[in-house]
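Visitor: First the structure, then my questions, so here it is.
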Amino acid sequence: MAPRDFLVGVVQTYQPGEFFRYPPVHLLLLSFVTLPIWLVGVLKATALTPQALVHEFIQPPYMTMFAVIARLVTVLMSLGVVALMARLGEEVYDRRTGLFVAIVVGLNTPFTYYSQTSNLEVPYLFWSLFALVELARTIVRHEPGRLPTVGLLAALAVGTKDQAAALLFCIPLALAGWFVLDPWPRNESRRVLGKLARAALIALSSLALLDGALVNPHGFAARIRFLLGSGSQDHALYPDSWAGYAGVLGDSLLSFGSFYPWPFLLLIVWGLLLHLGQRRPGNQLVAGLLPLLAALSLTLAFNCLVRRTEHRFLLPQTMLLGFYAGLAVSRLVTLNRQAAMVVLAPLGAWALFNCLAVDANLLRDPRYDAEAWLQAHVRPGEVIEVYGNQVYWPRLPAWARVVRVDDTTVESRSALLEVTEIRAPYQDASQRRPRWIVVSEVFSSRYRSQRTKLAAGYHRDSAAREYFQQLERGQAGYRVAHVSRFDSRVWPRVQIHASTGNNIWIFERLVSGQPDP
């Protein structure tokens with residue numbers, strides 16, 4: 001969630017015929033907590049149109065305050081995620097199990113990254129887990145009066161990010177399992193079904209109101225078409241076939257080591273077997289399966305549908321499955337505390353080191369080095385050509401002329417101050433003749449990679465692929481002037497969200513085989 005999108009996204013959600021790419025719940029929350037800043041900006045804006053508001057709010061003072069506040073909100077919600085996972089462990093088992101569950105999920109490496117950004121991964125996971133905890137309490141305590149709250153929390157989760165709907169498909173599955181394995185809901189079926197109907201009504205009506213379906217039905221329908229079409233399918237990394245789905249599942253499993261040290265997988269499997277193997281009441285059995293059902297639901301209904309396996313799309317599953325690792329740790333400590341500590345202390349230290357490496361990568365980001373190099377070498381008025389999304393660039397010298405080149409329409413790009421926008425082929429740089437070209441590894445890799453991205457279409461742009469390969473070889477009329485890399489003798493390079501640990505390439509124009517004087 002870029003800071004410029006807070007209020008603009010809310011306006012677009014409810015403005016007839018318009019839509020924003022994300023649902024509005026977190027936008028509303030961030031707009032509320034930044035309200036004093038917005039009021040100043042709205043009063044100073046030349047008009048109340050989205051374009052005028054964006055132009056005002058992309059000024060650095062607004063953006064900085066918005067970004068800091070949004071990240072603080074995420075930090076608080078990330079603490080809430082850990083607390084909710086602990087509550088789930090406590091509800092199904094006991095307080096000590098809940099404590100170990102909290103420790104495990106807190107040691108998730110990508111969670112360290114997302115817990116301090118303004119992305120929607122942590123907020124939608126917070127509301128989703130809140131709903132699952134209330135559902136677990138409903139099942140374990142035989143309290144169907146909690147079901148309307150579950151419905152409201154589910155609406156807030158889906159209203160924060162649409163993929164929460166896939167995660168929460170586990171709710172009807174869990175309720176069905178509750179009726180099958182526990183005689184109590186069958187004996188109280190009228191009461192339970194009445195509360196369930198009320199919960200469904202609350203969930204659907206709340207979501208329709210929050211998501212703009214009631215006041216802006218055309219815009220809502222357009223957003224759904226966007227999500228099911230270009231918003232998801234244009235970015236799929238696997239073919240729409242059984243082989244593609246198998247690739248999604250296989251790569252999801254193989255990426256486990258980037259979330260936890262691999263021995264954690266043994267703890268998860270053992271914890272799940274412990275839960276399934278012990279004799280327990282049907283309601284406790286079902287409540288303890290909620291994390292597994294939610295993880296499977298999200299994987300099948302979302303990851304296989306959009307055919308994506310990046311960290312942010314697998315984070316909820318690894319957090320949920322951490323429930324079973326916490327259960328296994330609790331059992332190990334019960335069996336033999338000293339032996340458990342001998343095994344678990346090094347494993348925990350390993351996971352903690354990986355989490356700290358994320359922060360080391362943020363503090364030593366190559367963009368800082370690239371920024372310093374450009375500040376020292378770029379002269380006033382010289383042209384810097386850049387590509388792709390601005391969130392991956394270093395900060396560029398204010399005295400340079402910055403030109404962004406892309407093959408997308410200028411209107412579809414995020415507005416930037418004092419940046420000239422051009423729609424043109426990348427490979428025509430020799431005709432545009434910028435003095436400098438700055439390329440992030442995360443952008444050029446989509447063209448340089450040998451992996452076929454069947455849906456994205458990058459592999460079909462052979463001219464662009466050849467151009468970026470020539471740039472690196474110094475064969476496109478430019479030489480490699482500087483490469484900013486993550487460099488540390490202690491901390492490993494960590495790449496998450498196409499943001500951390502990415503190299504920045506700086507190229508300089510050649511004249512007769514020599515750098516342009």
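Scheme for the structure tokens: letters A, B, ... for chains in order shown; per-chain residue numbers from 1; ligand numbers from 1 in order shown.
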Would you give me, as a PDB file with C-alpha atoms, in the first residue's frame, the residues in region 102-291 of chain A that DSSP reads as alpha helix (DSSP H)?

Guide:
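The result, stored in states-v5.pdb:
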```
ATOM      1  CA  ALA A 102       3.998 -17.862  19.391  1.00  0.00           C
ATOM      2  CA  ILE A 103       7.770 -18.408  19.474  1.00  0.00           C
ATOM      3  CA  VAL A 104       7.690 -20.542  16.328  1.00  0.00           C
ATOM      4  CA  VAL A 105       5.599 -18.152  14.239  1.00  0.00           C
ATOM      5  CA  GLY A 106       7.719 -15.236  15.432  1.00  0.00           C
ATOM      6  CA  THR A 109      11.936 -15.282   8.210  1.00  0.00           C
ATOM      7  CA  PRO A 110       9.679 -13.490   5.648  1.00  0.00           C
ATOM      8  CA  PHE A 111       7.353 -12.528   8.509  1.00  0.00           C
ATOM      9  CA  THR A 112      10.246 -10.404   9.816  1.00  0.00           C
ATOM     10  CA  TYR A 113      10.146  -8.484   6.541  1.00  0.00           C
ATOM     11  CA  TYR A 114       6.382  -8.115   6.170  1.00  0.00           C
ATOM     12  CA  GLU A 121      -0.030  -9.503   4.061  1.00  0.00           C
ATOM     13  CA  VAL A 122       0.073  -8.918   7.820  1.00  0.00           C
ATOM     14  CA  PRO A 123      -3.234  -6.968   8.073  1.00  0.00           C
ATOM     15  CA  TYR A 124      -5.302  -9.572   6.225  1.00  0.00           C
ATOM     16  CA  LEU A 125      -3.605 -12.382   8.153  1.00  0.00           C
ATOM     17  CA  PHE A 126      -4.437 -10.571  11.400  1.00  0.00           C
ATOM     18  CA  TRP A 127      -8.179 -10.420  10.644  1.00  0.00           C
ATOM     19  CA  SER A 128      -8.202 -13.966   9.252  1.00  0.00           C
ATOM     20  CA  LEU A 129      -6.550 -15.384  12.362  1.00  0.00           C
ATOM     21  CA  PHE A 130      -8.895 -13.374  14.555  1.00  0.00           C
ATOM     22  CA  ALA A 131     -11.812 -15.076  12.775  1.00  0.00           C
ATOM     23  CA  LEU A 132     -10.217 -18.530  13.165  1.00  0.00           C
ATOM     24  CA  VAL A 133      -9.567 -18.001  16.880  1.00  0.00           C
ATOM     25  CA  GLU A 134     -13.209 -17.036  17.412  1.00  0.00           C
ATOM     26  CA  LEU A 135     -14.272 -20.089  15.415  1.00  0.00           C
ATOM     27  CA  ALA A 136     -12.016 -22.312  17.545  1.00  0.00           C
ATOM     28  CA  ARG A 137     -13.599 -20.859  20.687  1.00  0.00           C
ATOM     29  CA  THR A 138     -17.037 -21.508  19.210  1.00  0.00           C
ATOM     30  CA  ILE A 139     -16.199 -25.156  18.588  1.00  0.00           C
ATOM     31  CA  VAL A 140     -14.175 -25.923  21.719  1.00  0.00           C
ATOM     32  CA  ARG A 141     -16.445 -24.080  24.183  1.00  0.00           C
ATOM     33  CA  LEU A 147     -20.480 -17.188  15.090  1.00  0.00           C
ATOM     34  CA  PRO A 148     -21.780 -13.692  14.168  1.00  0.00           C
ATOM     35  CA  THR A 149     -18.436 -12.291  15.339  1.00  0.00           C
ATOM     36  CA  VAL A 150     -16.681 -14.845  13.136  1.00  0.00           C
ATOM     37  CA  GLY A 151     -18.742 -13.580  10.199  1.00  0.00           C
ATOM     38  CA  LEU A 152     -17.840  -9.951  10.866  1.00  0.00           C
ATOM     39  CA  LEU A 153     -14.129 -10.736  11.250  1.00  0.00           C
ATOM     40  CA  ALA A 154     -14.190 -12.783   8.044  1.00  0.00           C
ATOM     41  CA  ALA A 155     -15.692  -9.786   6.224  1.00  0.00           C
ATOM     42  CA  LEU A 156     -12.918  -7.548   7.573  1.00  0.00           C
ATOM     43  CA  ALA A 157     -10.304 -10.054   6.396  1.00  0.00           C
ATOM     44  CA  VAL A 158     -11.684 -10.330   2.858  1.00  0.00           C
ATOM     45  CA  ALA A 164      -8.432 -14.022   2.511  1.00  0.00           C
ATOM     46  CA  ALA A 165     -11.583 -15.532   0.994  1.00  0.00           C
ATOM     47  CA  ALA A 166      -9.523 -18.523  -0.139  1.00  0.00           C
ATOM     48  CA  LEU A 167      -8.034 -18.932   3.338  1.00  0.00           C
ATOM     49  CA  CYS A 170     -11.886 -23.574   5.669  1.00  0.00           C
ATOM     50  CA  ILE A 171     -14.713 -22.224   7.856  1.00  0.00           C
ATOM     51  CA  PRO A 172     -17.558 -24.232   6.268  1.00  0.00           C
ATOM     52  CA  LEU A 173     -15.265 -27.278   6.156  1.00  0.00           C
ATOM     53  CA  ALA A 174     -14.506 -26.948   9.857  1.00  0.00           C
ATOM     54  CA  LEU A 175     -18.169 -26.459  10.731  1.00  0.00           C
ATOM     55  CA  ALA A 176     -19.092 -29.559   8.719  1.00  0.00           C
ATOM     56  CA  GLY A 177     -16.414 -31.531  10.552  1.00  0.00           C
ATOM     57  CA  TRP A 178     -17.745 -30.219  13.866  1.00  0.00           C
ATOM     58  CA  PHE A 179     -21.230 -31.534  13.090  1.00  0.00           C
ATOM     59  CA  VAL A 180     -19.834 -34.910  12.034  1.00  0.00           C
ATOM     60  CA  LEU A 181     -17.379 -35.506  14.895  1.00  0.00           C
ATOM     61  CA  PRO A 183     -22.689 -34.756  18.877  1.00  0.00           C
ATOM     62  CA  TRP A 184     -23.274 -31.425  20.644  1.00  0.00           C
ATOM     63  CA  PRO A 185     -23.989 -29.262  17.535  1.00  0.00           C
ATOM     64  CA  ARG A 186     -26.322 -31.959  16.212  1.00  0.00           C
ATOM     65  CA  ASN A 187     -28.250 -31.918  19.470  1.00  0.00           C
ATOM     66  CA  SER A 189     -28.811 -27.878  15.621  1.00  0.00           C
ATOM     67  CA  ARG A 190     -31.606 -25.288  15.650  1.00  0.00           C
ATOM     68  CA  ARG A 191     -29.610 -22.946  17.853  1.00  0.00           C
ATOM     69  CA  VAL A 192     -26.351 -23.472  15.955  1.00  0.00           C
ATOM     70  CA  LEU A 193     -27.902 -23.130  12.497  1.00  0.00           C
ATOM     71  CA  GLY A 194     -29.738 -19.985  13.568  1.00  0.00           C
ATOM     72  CA  LYS A 195     -26.492 -18.350  14.689  1.00  0.00           C
ATOM     73  CA  LEU A 196     -24.782 -19.595  11.548  1.00  0.00           C
ATOM     74  CA  ALA A 197     -27.431 -17.994   9.326  1.00  0.00           C
ATOM     75  CA  ARG A 198     -27.018 -14.740  11.210  1.00  0.00           C
ATOM     76  CA  ALA A 199     -23.227 -14.964  10.808  1.00  0.00           C
ATOM     77  CA  ALA A 200     -23.538 -15.491   7.059  1.00  0.00           C
ATOM     78  CA  LEU A 201     -25.901 -12.518   6.766  1.00  0.00           C
ATOM     79  CA  ILE A 202     -23.525 -10.293   8.749  1.00  0.00           C
ATOM     80  CA  ALA A 203     -20.519 -11.430   6.706  1.00  0.00           C
ATOM     81  CA  LEU A 204     -22.151 -10.876   3.307  1.00  0.00           C
ATOM     82  CA  SER A 205     -23.852  -7.593   4.151  1.00  0.00           C
ATOM     83  CA  SER A 206     -20.730  -6.181   5.852  1.00  0.00           C
ATOM     84  CA  LEU A 207     -18.543  -7.151   2.928  1.00  0.00           C
ATOM     85  CA  ALA A 208     -21.001  -5.720   0.393  1.00  0.00           C
ATOM     86  CA  LEU A 209     -21.053  -2.435   2.299  1.00  0.00           C
ATOM     87  CA  LEU A 210     -17.303  -2.239   2.927  1.00  0.00           C
ATOM     88  CA  PRO A 217     -21.948  -1.983  -8.063  1.00  0.00           C
ATOM     89  CA  HIS A 218     -20.427  -1.275 -11.484  1.00  0.00           C
ATOM     90  CA  GLY A 219     -17.051  -0.430 -10.006  1.00  0.00           C
ATOM     91  CA  PHE A 220     -17.199  -3.503  -7.753  1.00  0.00           C
ATOM     92  CA  ALA A 221     -18.019  -5.745 -10.726  1.00  0.00           C
ATOM     93  CA  ALA A 222     -15.172  -4.181 -12.708  1.00  0.00           C
ATOM     94  CA  ARG A 223     -12.732  -4.891  -9.870  1.00  0.00           C
ATOM     95  CA  ILE A 224     -13.817  -8.537  -9.671  1.00  0.00           C
ATOM     96  CA  ARG A 225     -13.306  -8.885 -13.432  1.00  0.00           C
ATOM     97  CA  PHE A 226      -9.879  -7.286 -13.029  1.00  0.00           C
ATOM     98  CA  LEU A 227      -8.938  -9.676 -10.203  1.00  0.00           C
ATOM     99  CA  LEU A 228     -10.023 -12.785 -12.094  1.00  0.00           C
ATOM    100  CA  SER A 230      -5.424  -9.385 -15.890  1.00  0.00           C
ATOM    101  CA  GLY A 231      -4.923  -8.654 -12.180  1.00  0.00           C
ATOM    102  CA  SER A 232      -3.989 -12.284 -11.558  1.00  0.00           C
ATOM    103  CA  GLN A 233      -3.560 -14.190 -14.808  1.00  0.00           C
ATOM    104  CA  TRP A 242      -2.151 -30.000 -14.268  1.00  0.00           C
ATOM    105  CA  ALA A 243       1.593 -29.702 -14.794  1.00  0.00           C
ATOM    106  CA  GLY A 244       1.373 -26.062 -13.750  1.00  0.00           C
ATOM    107  CA  TYR A 245      -0.596 -26.908 -10.609  1.00  0.00           C
ATOM    108  CA  ALA A 246       1.931 -29.611  -9.753  1.00  0.00           C
ATOM    109  CA  GLY A 247       4.669 -27.020 -10.205  1.00  0.00           C
ATOM    110  CA  VAL A 248       2.901 -24.674  -7.785  1.00  0.00           C
ATOM    111  CA  LEU A 249       2.609 -27.385  -5.137  1.00  0.00           C
ATOM    112  CA  GLY A 250       6.156 -28.643  -5.643  1.00  0.00           C
ATOM    113  CA  ASP A 251       7.762 -25.196  -5.530  1.00  0.00           C
ATOM    114  CA  SER A 252       5.655 -24.284  -2.493  1.00  0.00           C
ATOM    115  CA  LEU A 253       7.139 -27.227  -0.619  1.00  0.00           C
ATOM    116  CA  LEU A 254      10.675 -26.592  -1.859  1.00  0.00           C
ATOM    117  CA  PRO A 263      14.187 -29.279  10.615  1.00  0.00           C
ATOM    118  CA  PHE A 264      11.063 -27.238  11.442  1.00  0.00           C
ATOM    119  CA  LEU A 265       9.255 -29.283   8.798  1.00  0.00           C
ATOM    120  CA  LEU A 266       9.856 -32.401  10.900  1.00  0.00           C
ATOM    121  CA  LEU A 267       8.389 -30.601  13.906  1.00  0.00           C
ATOM    122  CA  ILE A 268       5.304 -29.624  11.878  1.00  0.00           C
ATOM    123  CA  VAL A 269       4.746 -33.194  10.677  1.00  0.00           C
ATOM    124  CA  TRP A 270       5.260 -34.618  14.141  1.00  0.00           C
ATOM    125  CA  GLY A 271       2.962 -32.049  15.725  1.00  0.00           C
ATOM    126  CA  LEU A 272       0.219 -32.834  13.207  1.00  0.00           C
ATOM    127  CA  LEU A 273       0.599 -36.567  13.863  1.00  0.00           C
ATOM    128  CA  LEU A 274       0.434 -35.899  17.595  1.00  0.00           C
ATOM    129  CA  HIS A 275      -2.826 -34.035  17.150  1.00  0.00           C
ATOM    130  CA  LEU A 276      -4.339 -36.733  14.940  1.00  0.00           C
ATOM    131  CA  GLY A 277      -2.988 -39.653  16.965  1.00  0.00           C
ATOM    132  CA  GLY A 282     -14.381 -34.310  18.404  1.00  0.00           C
ATOM    133  CA  ASN A 283     -14.648 -30.567  18.986  1.00  0.00           C
ATOM    134  CA  GLN A 284     -11.010 -30.291  20.070  1.00  0.00           C
ATOM    135  CA  LEU A 285      -9.900 -32.434  17.125  1.00  0.00           C
ATOM    136  CA  VAL A 286     -11.681 -30.160  14.648  1.00  0.00           C
ATOM    137  CA  ALA A 287     -10.428 -26.948  16.280  1.00  0.00           C
ATOM    138  CA  GLY A 288      -6.857 -28.242  16.127  1.00  0.00           C
ATOM    139  CA  LEU A 290      -8.213 -25.359  11.633  1.00  0.00           C
ATOM    140  CA  PRO A 291      -4.635 -24.275  10.771  1.00  0.00           C
TER     141      PRO A 291
END
```

Visitor: In Å to one decimal, how far is CA of Leu300 (chain A) from CA of Arg146 (chain A)?

Guide: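 Result for CA of Arg146 (chain A) versus CA of Leu300 (chain A): 27.6 Å, one decimal.
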
Visitor: For the atom pair CA of Ala325 (chain A) and CA of Leu99 (chain A), what is the interatomic distance in Å to one decimal place?

Guide: 11.6 Å

Visitor: Report the distance between CA of Arg367 (chain A) and CA of Pro394 (chain A) in Å, rounded to one decimal place.

Guide: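 Taking CA of Arg367 (chain A) as the start and CA of Pro394 (chain A) as the end point, the length is 4.6 Å.
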
Visitor: At a cut-off of 12 Å, can you tabulate as JSON lines every residue of region 290-409 of chain A near region 425-440 of chain A together with its closest atom pair and the distance in Å to one decimal, using only C-alpha atoms and ordering rows by chain then number?

Guide:
```
{"residue": "A:Pro366", "atom": "CA", "partner": "A:Ser440", "partner_atom": "CA", "distance": 9.9}
{"residue": "A:Arg367", "atom": "CA", "partner": "A:Ser440", "partner_atom": "CA", "distance": 9.1}
{"residue": "A:Ala370", "atom": "CA", "partner": "A:Val438", "partner_atom": "CA", "distance": 9.1}
{"residue": "A:Glu371", "atom": "CA", "partner": "A:Val438", "partner_atom": "CA", "distance": 10.5}
{"residue": "A:Trp373", "atom": "CA", "partner": "A:Val438", "partner_atom": "CA", "distance": 11.5}
{"residue": "A:Leu374", "atom": "CA", "partner": "A:Trp436", "partner_atom": "CA", "distance": 9.5}
{"residue": "A:His377", "atom": "CA", "partner": "A:Trp436", "partner_atom": "CA", "distance": 10.2}
{"residue": "A:Val378", "atom": "CA", "partner": "A:Trp436", "partner_atom": "CA", "distance": 8.3}
{"residue": "A:Arg379", "atom": "CA", "partner": "A:Arg435", "partner_atom": "CA", "distance": 10.0}
{"residue": "A:Pro380", "atom": "CA", "partner": "A:Arg435", "partner_atom": "CA", "distance": 11.5}
{"residue": "A:Gly381", "atom": "CA", "partner": "A:Arg435", "partner_atom": "CA", "distance": 10.0}
{"residue": "A:Glu382", "atom": "CA", "partner": "A:Arg435", "partner_atom": "CA", "distance": 6.3}
{"residue": "A:Val383", "atom": "CA", "partner": "A:Pro434", "partner_atom": "CA", "distance": 5.1}
{"residue": "A:Ile384", "atom": "CA", "partner": "A:Trp436", "partner_atom": "CA", "distance": 4.7}
{"residue": "A:Glu385", "atom": "CA", "partner": "A:Ile437", "partner_atom": "CA", "distance": 4.7}
{"residue": "A:Val386", "atom": "CA", "partner": "A:Val438", "partner_atom": "CA", "distance": 5.3}
{"residue": "A:Tyr387", "atom": "CA", "partner": "A:Val439", "partner_atom": "CA", "distance": 6.5}
{"residue": "A:Gly388", "atom": "CA", "partner": "A:Ser440", "partner_atom": "CA", "distance": 8.6}
{"residue": "A:Asn389", "atom": "CA", "partner": "A:Ser440", "partner_atom": "CA", "distance": 9.6}
{"residue": "A:Gln390", "atom": "CA", "partner": "A:Ser440", "partner_atom": "CA", "distance": 9.8}
{"residue": "A:Val391", "atom": "CA", "partner": "A:Ser440", "partner_atom": "CA", "distance": 10.1}
{"residue": "A:Tyr392", "atom": "CA", "partner": "A:Ser440", "partner_atom": "CA", "distance": 6.4}
{"residue": "A:Trp393", "atom": "CA", "partner": "A:Ser440", "partner_atom": "CA", "distance": 6.5}
{"residue": "A:Pro394", "atom": "CA", "partner": "A:Ser440", "partner_atom": "CA", "distance": 8.7}
{"residue": "A:Arg395", "atom": "CA", "partner": "A:Val438", "partner_atom": "CA", "distance": 10.9}
{"residue": "A:Leu396", "atom": "CA", "partner": "A:Val438", "partner_atom": "CA", "distance": 9.5}
{"residue": "A:Pro397", "atom": "CA", "partner": "A:Trp436", "partner_atom": "CA", "distance": 11.9}
{"residue": "A:Ala400", "atom": "CA", "partner": "A:Trp436", "partner_atom": "CA", "distance": 10.0}
{"residue": "A:Arg401", "atom": "CA", "partner": "A:Pro434", "partner_atom": "CA", "distance": 9.5}
{"residue": "A:Val402", "atom": "CA", "partner": "A:Pro434", "partner_atom": "CA", "distance": 9.4}
{"residue": "A:Val403", "atom": "CA", "partner": "A:Pro434", "partner_atom": "CA", "distance": 8.6}
{"residue": "A:Arg404", "atom": "CA", "partner": "A:Ile437", "partner_atom": "CA", "distance": 10.0}
{"residue": "A:Val405", "atom": "CA", "partner": "A:Tyr426", "partner_atom": "CA", "distance": 6.7}
{"residue": "A:Asp406", "atom": "CA", "partner": "A:Tyr426", "partner_atom": "CA", "distance": 6.9}
{"residue": "A:Asp407", "atom": "CA", "partner": "A:Pro425", "partner_atom": "CA", "distance": 6.2}
{"residue": "A:Thr408", "atom": "CA", "partner": "A:Pro425", "partner_atom": "CA", "distance": 10.0}
```

Visitor: Residues at most 12 Å from Gln475 (chain A), counting only C-alpha atoms, excluding those fewer than 2 positions away in the same chain, as a list in words?

Guide: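 Close residues of Gln475 (chain A): Gln427, Ser430, Glu466, Tyr467, Phe468, Gln469, Gln470, Leu471, Glu472, Arg473, Gly477, Tyr478, Arg479, Val480, Phe507, Glu508, Arg509, Leu510 and Gly513 of chain A.
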
Visitor: Write out, as an mmCIF file, in the first residue's frame, the residues just selected, with C-alpha atoms.

Guide:
```
data_model
loop_
_atom_site.group_PDB
_atom_site.id
_atom_site.type_symbol
_atom_site.label_atom_id
_atom_site.label_comp_id
_atom_site.auth_asym_id
_atom_site.auth_seq_id
_atom_site.Cartn_x
_atom_site.Cartn_y
_atom_site.Cartn_z
ATOM 1 C CA GLN A 427 16.129 -1.367 -26.607
ATOM 2 C CA SER A 430 20.861 4.187 -28.077
ATOM 3 C CA GLU A 466 18.617 -9.273 -25.909
ATOM 4 C CA TYR A 467 18.933 -5.626 -24.866
ATOM 5 C CA PHE A 468 19.304 -6.324 -21.154
ATOM 6 C CA GLN A 469 21.759 -9.132 -21.837
ATOM 7 C CA GLN A 470 23.807 -6.809 -24.034
ATOM 8 C CA LEU A 471 23.755 -4.103 -21.374
ATOM 9 C CA GLU A 472 25.443 -6.387 -18.879
ATOM 10 C CA ARG A 473 28.021 -7.396 -21.479
ATOM 11 C CA GLY A 477 26.602 1.362 -26.358
ATOM 12 C CA TYR A 478 26.966 1.465 -22.581
ATOM 13 C CA ARG A 479 29.506 0.173 -20.091
ATOM 14 C CA VAL A 480 28.996 -1.091 -16.565
ATOM 15 C CA PHE A 507 25.524 1.982 -16.907
ATOM 16 C CA GLU A 508 27.308 4.896 -18.589
ATOM 17 C CA ARG A 509 27.032 5.837 -22.273
ATOM 18 C CA LEU A 510 30.070 5.176 -24.452
ATOM 19 C CA GLY A 513 34.262 2.993 -27.111
#
```

Visitor: Can you tell me, as a PyMOL selection string, what residues are no more than 9 Å from Val329 (chain A) when counting only C-alpha atoms, ignoring any on the same chain fewer than 2 positions away?

Guide: chain A and resi 97+100-101+267+271+324-327+331-334+340+344

Visitor: Would you list the contacts of Ala351 (chain A) as a list in words, taking every protein, DNA or RNA residue within 7 Å and counting only C-alpha atoms, but skipping same-chain residues closer than 2 positions in sequence?

Guide: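 Contacts, in chain order: Leu107, Tyr260, Pro261, Leu347, Gly348, Ala349, Phe353, Asn354 and Cys355 of chain A.
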
Visitor: Can you write just those residues out, C-alpha atoms, as a PDB file, in the first residue's frame?

Guide:
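The file below, part-v5.pdb, is the result:
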```pdb
ATOM      1  CA  LEU A 107      10.779 -16.955  13.935  1.00  0.00           C
ATOM      2  CA  TYR A 260      12.102 -21.807   8.534  1.00  0.00           C
ATOM      3  CA  PRO A 261      15.170 -24.010   8.844  1.00  0.00           C
ATOM      4  CA  LEU A 347      17.448 -24.731  16.039  1.00  0.00           C
ATOM      5  CA  GLY A 348      15.904 -21.587  17.497  1.00  0.00           C
ATOM      6  CA  ALA A 349      19.216 -19.729  17.188  1.00  0.00           C
ATOM      7  CA  PHE A 353      19.845 -15.644  12.787  1.00  0.00           C
ATOM      8  CA  ASN A 354      17.819 -15.901   9.571  1.00  0.00           C
ATOM      9  CA  CYS A 355      15.346 -13.324  10.883  1.00  0.00           C
TER      10      CYS A 355
END
```

Visitor: Could you pull the residues within 7 Å of Ala295 (chain A), counting only C-alpha atoms, minus those fewer than 3 positions along the same chain, as a PyMOL selection string?

Guide: chain A and resi 167+291-292+298-299+317+320

Visitor: Counting only C-alpha atoms, figure out which residue out of A:Gly41, A:Pro60, A:Gly322, A:Gly501 gets nearest to Arg364 (chain A).

Guide: A:Gly501

Visitor: Would you list the contacts of Lys161 (chain A) as a ChimeraX atom specification, taking every protein, DNA or RNA residue within 7 Å and counting only C-alpha atoms, but skipping same-chain residues closer than 6 positions in sequence?

Guide: /A:22-23,120,124
